$ cat start.csv   # CSV, C-alpha atoms
chain,number,residue,atom,x,y,z
V,1,MET,CA,33.3,-29.5,-55.9
V,2,PHE,CA,34.7,-28.3,-59.2
V,3,LEU,CA,37.4,-25.5,-59.2
V,4,LEU,CA,36.9,-22.8,-61.8
V,5,SER,CA,39.9,-22.2,-64.0
V,6,PRO,CA,41.8,-18.8,-63.5
V,7,SER,CA,40.9,-17.8,-67.1
V,8,TYR,CA,37.2,-18.5,-66.5
V,9,GLN,CA,37.3,-16.5,-63.2
V,10,LYS,CA,39.0,-13.6,-65.0
V,11,ALA,CA,36.4,-13.6,-67.7
V,12,ARG,CA,33.6,-13.6,-65.1
V,13,SER,CA,35.3,-10.8,-63.3
V,14,ILE,CA,35.6,-8.7,-66.5
V,15,SER,CA,31.9,-9.5,-67.3
V,16,ALA,CA,30.8,-8.4,-63.9
V,17,SER,CA,32.9,-5.2,-64.1
V,18,ALA,CA,31.4,-4.4,-67.5
V,19,LEU,CA,27.9,-4.9,-66.1
V,20,GLU,CA,28.6,-2.6,-63.2
V,21,ILE,CA,30.0,0.1,-65.5
V,22,SER,CA,26.9,-0.3,-67.7
V,23,LYS,CA,24.6,0.1,-64.7
V,24,PHE,CA,26.5,3.1,-63.4
V,25,TYR,CA,26.3,4.7,-66.9
V,26,GLY,CA,22.6,4.0,-67.1
V,27,TRP,CA,21.8,5.7,-63.8
V,28,TRP,CA,24.1,8.6,-64.6
V,29,GLN,CA,22.5,9.1,-68.0
V,30,PHE,CA,19.0,8.9,-66.5
V,31,ALA,CA,19.6,11.4,-63.7
V,32,VAL,CA,21.7,13.9,-65.6
V,33,CYS,CA,19.5,14.0,-68.7
V,34,LEU,CA,16.3,14.2,-66.7
V,35,PHE,CA,17.6,17.1,-64.7
V,36,ALA,CA,18.8,18.8,-68.0
V,37,PHE,CA,15.3,18.3,-69.5
V,38,MET,CA,13.6,19.9,-66.5
V,39,ALA,CA,16.1,22.8,-66.5
V,40,LEU,CA,15.7,23.6,-70.2
V,41,MET,CA,11.9,23.4,-69.9
V,42,SER,CA,12.1,25.8,-66.9
V,43,ILE,CA,14.0,28.3,-69.1
V,44,TRP,CA,11.4,27.9,-71.8
V,45,TYR,CA,8.5,28.3,-69.4
V,46,HIS,CA,9.9,31.6,-68.0
V,47,ILE,CA,11.1,33.1,-71.3
V,48,GLY,CA,10.3,31.2,-74.5
V,49,ARG,CA,6.6,30.5,-73.6
V,50,ARG,CA,5.7,34.2,-73.8
V,51,GLN,CA,7.4,34.5,-77.2
V,52,ARG,CA,5.9,31.2,-78.6
V,53,ASP,CA,9.3,29.9,-79.3
V,54,PHE,CA,9.2,26.1,-79.2
V,55,GLY,CA,12.8,25.4,-80.2
V,56,PRO,CA,14.0,24.8,-76.6
V,57,VAL,CA,11.1,22.4,-76.1
V,58,TRP,CA,12.2,20.2,-78.9
V,59,LEU,CA,15.8,20.3,-77.6
V,60,ALA,CA,14.6,19.4,-74.1
V,61,LEU,CA,12.6,16.4,-75.5
V,62,SER,CA,15.7,15.2,-77.3
V,63,ILE,CA,17.6,15.1,-74.0
V,64,LEU,CA,14.6,13.4,-72.4
V,65,CYS,CA,15.1,10.6,-74.9
V,66,TRP,CA,18.6,10.0,-73.5
V,67,ALA,CA,17.1,9.8,-70.0
V,68,PHE,CA,14.7,7.0,-71.0
V,69,SER,CA,17.6,5.3,-72.8
V,70,GLY,CA,19.6,5.3,-69.6
V,71,LEU,CA,16.6,3.9,-67.7
V,72,SER,CA,16.3,1.1,-70.2
V,73,GLU,CA,20.0,0.4,-69.6
V,74,VAL,CA,19.2,-0.2,-65.9
V,75,LEU,CA,15.9,-2.0,-66.1
V,76,LEU,CA,16.4,-4.5,-68.9
V,77,PRO,CA,18.5,-7.6,-68.4
V,78,ASN,CA,21.9,-8.1,-69.9
V,79,GLU,CA,21.7,-11.8,-70.6
V,80,ASN,CA,21.9,-13.0,-74.2
V,81,GLY,CA,18.6,-13.5,-75.9
V,82,TRP,CA,15.6,-11.2,-76.0
V,83,GLY,CA,16.7,-9.0,-73.1
V,84,SER,CA,19.9,-8.0,-74.9
V,85,THR,CA,18.1,-7.5,-78.2
V,86,ALA,CA,15.5,-5.4,-76.5
V,87,LYS,CA,18.1,-3.3,-74.8
V,88,GLU,CA,19.9,-2.6,-78.1
V,89,GLY,CA,16.6,-2.0,-79.8
V,90,PHE,CA,15.4,0.6,-77.2
V,91,ARG,CA,18.8,2.3,-77.4
V,92,SER,CA,18.3,2.6,-81.2
V,93,VAL,CA,14.7,3.8,-80.9
V,94,PHE,CA,15.6,6.5,-78.3
V,95,SER,CA,18.6,7.5,-80.4
V,96,LEU,CA,16.3,7.9,-83.5
V,97,LEU,CA,13.8,10.0,-81.4
V,98,ASN,CA,16.6,12.1,-80.1
V,99,SER,CA,17.8,12.9,-83.6
V,100,LEU,CA,14.3,13.6,-84.8
V,101,PHE,CA,13.6,16.1,-82.0
V,102,ILE,CA,16.9,17.9,-82.7
V,103,LEU,CA,15.9,18.2,-86.3
V,104,MET,CA,12.4,19.4,-85.4
V,105,ALA,CA,14.1,22.2,-83.3
V,106,LEU,CA,16.1,23.6,-86.2
V,107,PRO,CA,13.3,25.6,-87.9
V,108,TRP,CA,13.0,27.6,-84.7
V,109,PHE,CA,16.6,28.8,-84.7
V,110,LYS,CA,16.9,32.4,-85.6
V,111,TYR,CA,20.2,32.1,-87.5
V,112,LEU,CA,20.5,29.3,-90.1
V,113,PRO,CA,23.3,28.7,-92.6
V,114,LYS,CA,22.4,29.9,-96.1
V,115,PRO,CA,22.9,26.5,-97.8
V,116,PHE,CA,20.3,24.9,-95.5
V,117,SER,CA,18.1,27.8,-94.6
V,118,GLY,CA,15.6,27.3,-97.5
V,119,LEU,CA,15.3,23.6,-96.8
V,120,ILE,CA,14.9,23.9,-93.0
V,121,LYS,CA,12.4,26.7,-93.3
V,122,ASN,CA,10.4,24.9,-95.9
V,123,LYS,CA,6.9,23.6,-95.0
V,124,PHE,CA,8.0,20.2,-96.2
V,125,TRP,CA,10.8,20.0,-93.6
V,126,PRO,CA,8.8,17.6,-91.4
V,127,PHE,CA,8.5,15.2,-94.3
V,128,VAL,CA,12.2,15.5,-95.2
V,129,ILE,CA,13.2,14.4,-91.7
V,130,GLY,CA,10.1,12.2,-91.0
V,131,ILE,CA,10.3,9.8,-93.9
V,132,PRO,CA,13.9,8.7,-93.1
V,133,PHE,CA,12.9,8.4,-89.5
V,134,VAL,CA,10.1,6.0,-90.3
V,135,PHE,CA,12.3,3.9,-92.6
V,136,ALA,CA,14.9,3.6,-89.8
V,137,LEU,CA,12.4,3.0,-87.0
V,138,LEU,CA,10.2,0.2,-88.6
V,139,PRO,CA,13.1,-2.2,-89.3
V,140,THR,CA,14.4,-1.6,-85.8
V,141,LEU,CA,11.0,-2.5,-84.2
V,142,HIS,CA,10.7,-5.5,-86.5
V,143,LYS,CA,14.1,-6.9,-85.3
V,144,MET,CA,13.1,-6.2,-81.7
V,145,ILE,CA,9.8,-8.1,-82.0
V,146,LEU,CA,11.5,-11.1,-83.8
V,147,GLY,CA,14.3,-11.2,-81.3
V,148,ARG,CA,17.0,-11.3,-83.8
V,149,SER,CA,20.6,-10.5,-83.2
V,150,ALA,CA,21.2,-7.0,-82.0
V,151,SER,CA,24.4,-6.4,-83.9
V,152,ALA,CA,22.7,-4.7,-86.9
V,153,ILE,CA,20.1,-2.7,-85.0
V,154,ASN,CA,22.5,0.2,-84.3
V,155,GLU,CA,23.4,0.8,-87.9
V,156,LEU,CA,20.1,2.5,-88.9
V,157,ASP,CA,20.1,5.1,-86.1
V,158,VAL,CA,23.8,5.8,-86.8
V,159,TYR,CA,23.0,6.9,-90.3
V,160,TYR,CA,20.1,9.0,-89.2
V,161,ALA,CA,22.3,10.5,-86.4
V,162,LEU,CA,25.0,11.4,-89.0
V,163,MET,CA,22.5,13.3,-91.0
V,164,THR,CA,21.4,15.1,-87.8
V,165,LEU,CA,25.0,16.0,-86.9
V,166,VAL,CA,25.6,17.6,-90.3
V,167,PHE,CA,22.7,20.0,-89.9
V,168,LEU,CA,23.3,20.6,-86.2
V,169,GLY,CA,27.0,21.4,-86.6
V,170,PHE,CA,26.3,24.1,-89.2
V,171,VAL,CA,23.4,25.6,-87.3
V,172,LEU,CA,25.2,25.7,-84.0
V,173,TRP,CA,28.2,27.4,-85.7
V,174,GLU,CA,25.9,29.9,-87.4
V,175,SER,CA,24.0,30.6,-84.1
V,176,PHE,CA,27.1,31.3,-82.0
V,177,THR,CA,29.0,33.3,-84.5
V,178,LYS,CA,26.1,35.5,-85.4
V,179,ARG,CA,25.7,36.2,-81.7
V,180,ARG,CA,29.4,37.2,-81.5
V,181,LEU,CA,30.4,34.0,-79.6
V,182,PRO,CA,33.1,32.5,-81.8
V,183,LEU,CA,34.7,30.4,-79.1
V,184,LEU,CA,31.4,28.6,-78.5
V,185,GLY,CA,31.1,28.1,-82.2
V,186,ILE,CA,34.5,26.3,-82.2
V,187,LEU,CA,33.5,24.2,-79.2
V,188,SER,CA,30.3,23.2,-81.0
V,189,LEU,CA,32.3,21.9,-84.0
V,190,PHE,CA,34.6,20.0,-81.6
V,191,THR,CA,31.6,18.5,-79.8
V,192,VAL,CA,30.1,17.4,-83.1
V,193,LEU,CA,33.4,15.7,-84.0
V,194,ILE,CA,33.4,13.8,-80.7
V,195,THR,CA,29.8,12.7,-81.4
V,196,LEU,CA,30.8,11.5,-84.8
V,197,VAL,CA,33.5,9.3,-83.2
V,198,ALA,CA,30.9,7.9,-80.8
V,199,GLN,CA,28.6,7.0,-83.7
V,200,VAL,CA,31.5,5.2,-85.4
V,201,TYR,CA,32.1,3.2,-82.2
V,202,LYS,CA,28.5,2.1,-82.3
V,203,LEU,CA,29.4,0.0,-85.3
V,204,MET,CA,32.2,-1.7,-83.4
V,205,ASP,CA,32.2,-4.2,-80.6
V,206,ASN,CA,33.9,-2.0,-78.0
V,207,THR,CA,31.4,-1.4,-75.2
V,208,ILE,CA,33.7,0.4,-72.8
V,209,ASN,CA,35.0,3.0,-75.3
V,210,LEU,CA,31.4,3.5,-76.6
V,211,LEU,CA,30.2,4.3,-73.1
V,212,LEU,CA,33.1,6.7,-72.6
V,213,PHE,CA,32.6,8.6,-75.8
V,214,SER,CA,28.8,8.6,-75.3
V,215,ALA,CA,29.2,10.1,-71.8
V,216,ILE,CA,31.6,12.8,-73.2
V,217,PHE,CA,29.5,13.8,-76.2
V,218,LYS,CA,26.2,13.7,-74.3
V,219,THR,CA,27.6,15.9,-71.5
V,220,SER,CA,29.1,18.3,-74.1
V,221,LEU,CA,25.9,18.6,-76.1
V,222,ILE,CA,23.8,19.2,-73.0
V,223,MET,CA,26.2,22.0,-72.0
V,224,LEU,CA,26.1,23.4,-75.5
V,225,PHE,CA,22.3,23.4,-75.5
V,226,PHE,CA,22.4,25.4,-72.2
V,227,ALA,CA,25.0,27.7,-73.7
V,228,LEU,CA,22.7,28.2,-76.7
V,229,ALA,CA,19.8,29.0,-74.4
V,230,LEU,CA,21.9,31.5,-72.5
V,231,SER,CA,23.1,33.1,-75.7
V,232,TRP,CA,19.5,33.4,-76.7
V,233,VAL,CA,18.7,35.2,-73.5
V,234,LYS,CA,21.8,37.3,-73.9
V,235,GLU,CA,20.7,38.4,-77.4
V,236,LEU,CA,17.2,39.3,-76.0
V,237,THR,CA,18.7,41.6,-73.4
V,238,GLU,CA,21.3,43.1,-75.8
V,239,ASN,CA,18.7,43.8,-78.5
V,240,VAL,CA,16.5,45.8,-76.2
V,241,ILE,CA,16.6,49.5,-77.3
V,242,PRO,CA,17.5,51.6,-74.3
V,243,SER,CA,15.6,54.8,-73.5
V,244,ALA,CA,16.9,58.2,-74.8
V,245,TYR,CA,18.4,59.3,-71.5
V,246,GLN,CA,20.4,56.1,-71.3
V,247,LEU,CA,22.1,56.5,-74.7
V,248,ARG,CA,25.2,58.5,-75.4
V,249,LEU,CA,26.2,59.5,-78.9
V,250,ASN,CA,29.8,60.1,-79.7
V,251,PHE,CA,30.9,61.4,-83.1
V,252,LYS,CA,34.4,60.4,-84.2
V,253,LYS,CA,35.8,61.3,-87.6
V,254,GLY,CA,39.0,59.3,-88.3
V,255,ASP,CA,41.6,59.4,-91.0
V,256,ARG,CA,41.0,59.0,-94.7
V,257,ASN,CA,37.6,60.6,-94.3
V,258,THR,CA,36.1,57.6,-92.3
V,259,CYS,CA,32.9,58.6,-90.5
V,260,GLU,CA,32.1,56.7,-87.3
V,261,VAL,CA,29.7,57.1,-84.4
V,262,ILE,CA,29.7,55.3,-81.1
V,263,LEU,CA,26.5,54.5,-79.3
V,264,LYS,CA,26.9,53.8,-75.6
V,265,GLY,CA,24.3,52.6,-73.2
V,266,PHE,CA,23.4,49.2,-74.8
V,267,PRO,CA,23.6,46.1,-72.6
V,268,GLY,CA,27.0,44.4,-72.8
V,269,GLN,CA,30.6,45.4,-72.1
V,270,THR,CA,31.5,46.8,-75.5
V,271,ASP,CA,30.3,50.0,-77.1
V,272,ARG,CA,28.6,49.8,-80.5
V,273,ASN,CA,30.8,51.4,-83.2
V,274,ILE,CA,28.9,52.2,-86.4
V,275,SER,CA,30.4,53.3,-89.7
V,276,LEU,CA,28.3,55.6,-91.8
V,277,THR,CA,28.6,57.1,-95.2
V,278,PRO,CA,29.7,60.8,-95.3
V,279,ALA,CA,26.1,61.8,-96.3
V,280,LEU,CA,24.5,59.9,-93.4
V,281,TYR,CA,27.1,61.0,-91.0
V,282,LYS,CA,26.5,64.6,-92.0
V,283,LEU,CA,22.8,64.2,-91.5
V,284,LEU,CA,23.2,62.7,-88.0
V,285,LYS,CA,25.7,65.3,-87.1
V,286,THR,CA,23.2,68.0,-88.2
V,287,PHE,CA,20.7,66.5,-85.8
V,288,ALA,CA,23.2,66.6,-83.0
V,289,GLU,CA,24.4,70.2,-83.7
V,290,ARG,CA,20.8,71.5,-83.7
V,291,ARG,CA,20.2,69.7,-80.5
V,292,LEU,CA,23.2,71.3,-78.9
V,293,ALA,CA,22.3,74.8,-80.2
V,294,SER,CA,20.3,77.1,-78.0
V,295,THR,CA,18.0,78.1,-80.8
V,296,GLU,CA,15.5,76.0,-82.9
V,297,ASP,CA,16.5,72.3,-82.7
V,298,TRP,CA,14.0,71.0,-85.3
V,299,LEU,CA,14.9,69.8,-88.7
V,300,GLU,CA,12.4,70.2,-91.5
V,301,ILE,CA,11.6,67.5,-94.1
V,302,LYS,CA,11.0,68.7,-97.7
V,303,PRO,CA,7.4,68.1,-98.8
V,304,LYS,CA,6.7,66.0,-101.8
V,305,ASN,CA,6.4,67.7,-105.2
V,306,PHE,CA,7.8,71.0,-103.9
V,307,ASP,CA,9.7,73.0,-106.5
V,308,GLY,CA,10.3,76.2,-104.5
V,309,SER,CA,13.7,77.8,-103.8
V,310,LYS,CA,13.7,77.1,-100.0
V,311,ASN,CA,16.4,74.8,-98.7
V,312,TYR,CA,15.3,72.0,-96.4
V,313,ASP,CA,17.4,70.0,-93.9
V,314,ILE,CA,16.1,66.6,-95.1
V,315,ASN,CA,15.2,66.0,-98.7
V,316,ASP,CA,12.7,63.2,-98.0
V,317,HIS,CA,11.6,60.6,-95.5
V,318,ASN,CA,13.8,57.9,-97.3
V,319,GLU,CA,16.9,59.8,-96.2
V,320,LEU,CA,15.9,59.4,-92.5
V,321,LYS,CA,15.0,55.7,-93.2
V,322,ARG,CA,18.4,55.0,-94.7
V,323,LEU,CA,20.0,56.6,-91.6
V,324,LEU,CA,18.1,54.3,-89.3
V,325,GLN,CA,18.8,51.2,-91.3
V,326,ALA,CA,22.6,52.0,-91.3
V,327,LEU,CA,22.5,52.5,-87.5
V,328,LEU,CA,20.7,49.2,-87.1
V,329,ASN,CA,23.1,47.3,-89.4
V,330,GLY,CA,25.9,48.6,-87.2
V,331,LEU,CA,24.2,47.8,-84.0
V,332,PHE,CA,23.0,44.3,-84.7
V,333,GLY,CA,24.4,43.2,-88.0
V,334,LYS,CA,22.8,43.3,-91.5
V,335,GLN,CA,19.5,41.3,-91.6
V,336,ASN,CA,19.7,40.6,-87.9
V,337,TRP,CA,17.0,43.1,-86.9
V,338,THR,CA,13.3,43.5,-87.6
V,339,LYS,CA,11.0,46.4,-88.1
V,340,ASP,CA,8.8,45.8,-85.1
V,341,LYS,CA,11.4,44.9,-82.5
V,342,HIS,CA,14.2,47.2,-83.6
V,343,TYR,CA,13.5,49.8,-86.3
V,344,ILE,CA,10.4,51.4,-84.8
V,345,PRO,CA,11.7,51.4,-81.2
V,346,LEU,CA,15.1,52.9,-82.3
V,347,LYS,CA,13.3,55.6,-84.3
V,348,ASN,CA,11.0,56.4,-81.3
V,349,THR,CA,14.0,56.5,-79.0
V,350,LEU,CA,16.3,58.7,-81.1
V,351,PHE,CA,13.9,61.0,-82.9
V,352,GLU,CA,10.8,63.0,-82.0
V,353,MET,CA,8.3,64.2,-84.6
V,354,SER,CA,6.4,67.5,-84.1
V,355,GLU,CA,3.0,67.2,-82.7
V,356,ASN,CA,1.3,69.4,-85.4
V,357,ARG,CA,2.6,67.2,-88.2
V,358,GLU,CA,4.7,70.0,-89.6
V,359,ARG,CA,7.2,67.6,-91.2
V,360,LYS,CA,9.6,68.6,-88.4
V,361,ILE,CA,11.8,66.2,-86.5
V,362,ARG,CA,14.6,66.5,-83.9
V,363,LEU,CA,17.0,64.3,-81.9
V,364,GLN,CA,15.6,63.3,-78.5
V,365,LEU,CA,18.9,62.5,-76.7
V,366,PRO,CA,19.8,64.9,-73.9
V,367,LYS,CA,22.4,67.5,-74.7
V,368,GLU,CA,24.8,66.2,-72.2
V,369,ASN,CA,24.8,62.8,-73.9
V,370,ILE,CA,26.2,64.1,-77.2
V,371,TYR,CA,29.9,64.3,-77.7
V,372,PHE,CA,32.3,65.3,-80.6
V,373,GLU,CA,35.8,64.0,-81.2
V,374,ASN,CA,38.4,65.0,-83.8
V,375,GLU,CA,36.0,67.6,-85.3

$ encode --input "start.csv" --output "structure tokens"
Amino acid sequence: MFLLSPSYQKARSISASALEISKFYGWWQFAVCLFAFMALMSIWYHIGRRQRDFGPVWLALSILCWAFSGLSEVLLPNENGWGSTAKEGFRSVFSLLNSLFILMALPWFKYLPKPFSGLIKNKFWPFVIGIPFVFALLPTLHKMILGRSASAINELDVYYALMTLVFLGFVLWESFTKRRLPLLGILSLFTVLITLVAQVYKLMDNTINLLLFSAIFKTSLIMLFFALALSWVKELTENVIPSAYQLRLNFKKGDRNTCEVILKGFPGQTDRNISLTPALYKLLKTFAERRLASTEDWLEIKPKNFDGSKNYDINDHNELKRLLQALLNGLFGKQNWTKDKHYIPLKNTLFEMSENRERKIRLQLPKENIYFENE
């Protein structure tokens, strides 16, 4: 019987320990990512499916790639030779698919950074991301089939992942900040930084640290994707225009002739403060004063090509349009609202046109929901 040297026994112990860690990481990645995939798809099924928004589907598929990567970590052997090469190859293939699906999700994002918006929304975007994907995938498959050393396989998916991280970081920042969630925007940049470190570790021969950083950035990205989905749901609820009896209009004229109105009744914990020009403030105030008066509460719009001496409350329809646009810019942010979902519902909620088409219009809010401060 031959006795094994202490150094050899220690090496075997370290190797067995690394194998156990690798197996544990594989099962963890498979279970967590599979659950995250099903949860994101459930959110899309209940909400996004009706709106034909497939962004969450692409993000869910990107997480599913991590689940299959974890399964390959468990099923494929760790011995040197084809098994090790195949495992590294499958990691690279699923990493490439993960990056591709994330990039496919970007055109569905509502808020995109201006430097990349034109490129991402372009009809050639699938070719912009698809051609580099093919150039990275084919050499990886070639090396897997030939059974060559696995050391160089990771490099190609790392470069593709770096490109993905650049786009993803800017888009996540833009999405969270435009939805008034700056802390999540900062966390998204921090997560992208951790992911960059993990990609760098892929080029090094440090398995334990790579697994550690991979577990951290994958967990963080999954939580960010859920935070993104919840912020999307939050925006859907906050952008709903309440009915007239739910809204309260407060006029507040501050110092230095600043004109501000406060709209209460929208979802969320904060009231919507809206700054108006003196002319628009005066027009909205006229609507409110007529509404509170016990006499006629209608305002009359001046007809086109009318040269008579009669004075009208509103010179033309564009004046009312500018008022509504200013209110929407204050409520949701400039260029963050649409005509169908916001402009028309707000107009129908705030104002009522006369049935006989007499060019008369009035404020629909109940009298008890209108207040004046510092007037």

$ residues_around --input "start.csv" --residues "Trp173 of chain V" --least-positions-apart "2" --cutoff "8 Å" --atoms "all atoms listed in the file" --output "PyMOL selection string"
chain V and resi 169-171+175-177+184-186+188-189

$ residues_around --input "start.csv" --residues "segment 110-123 of chain V" --least-positions-apart "6" --cutoff "12 Å" --atoms "only C-alpha atoms" --output "MDAnalysis selection string"
chainID V and resid 53:55 103:104 129 166:179 228 231:232 235:236 333 335:338

$ atom_distance --input "start.csv" --atom1 "atom CA of Ala198 of chain V" --atom2 "atom CA of Arg180 of chain V"
29.3 Å

$ closest_residue --input "start.csv" --among "V:Lys360, V:Phe372, V:Glu352, V:Asn329" --to "Pro303 of chain V" --atoms "all atoms listed in the file"
V:Lys360

$ closest_residue --input "start.csv" --among "V:Tyr25, V:Phe90, V:Phe37, V:Trp108" --to "Leu137 of chain V" --atoms "all atoms listed in the file"
V:Phe90

$ atom_distance --input "start.csv" --atom1 "atom CA of Gly265 of chain V" --atom2 "atom CA of Asn369 of chain V"
10.2 Å

$ closest_residue --input "start.csv" --among "V:Lys218, V:Lys282, V:His46, V:Lys339" --to "Val233 of chain V" --atoms "all atoms listed in the file"
V:His46

$ atom_distance --input "start.csv" --atom1 "atom CA of Glu289 of chain V" --atom2 "atom CA of Lys341 of chain V"
28.5 Å

$ closest_residue --input "start.csv" --among "V:Val134, V:Leu365, V:Leu263, V:Ile102" --to "Leu328 of chain V" --atoms "only C-alpha atoms"
V:Leu263

$ residues_around --input "start.csv" --residues "Thr195 of chain V" --least-positions-apart "4" --cutoff "10 Å" --atoms "all atoms listed in the file" --output "list in words"
Ala161, Leu162, Leu165, Leu189, Phe190, Thr191, Gln199, Val200, Tyr201, Phe213, Ser214, Ala215, Ile216, Phe217, Lys218, Ser220 and Leu221 of chain V

$ axis_aligned_box --input "start.csv" --around "segment 172-177 of chain V" --padding-each-side "6 Å" --output "AutoDock Vina command-line options"
--center_x 26.5 --center_y 29.5 --center_z -84.7 --size_x 17.0 --size_y 19.6 --size_z 17.4

$ closest_residue --input "start.csv" --among "V:Phe101, V:Val192, V:Leu96, V:Gly130" --to "Val158 of chain V" --atoms "all atoms listed in the file"
V:Leu96

$ closest_residue --input "start.csv" --among "V:Ile262, V:Ala67, V:Val74, V:Val240" --to "Phe94 of chain V" --atoms "only C-alpha atoms"
V:Ala67
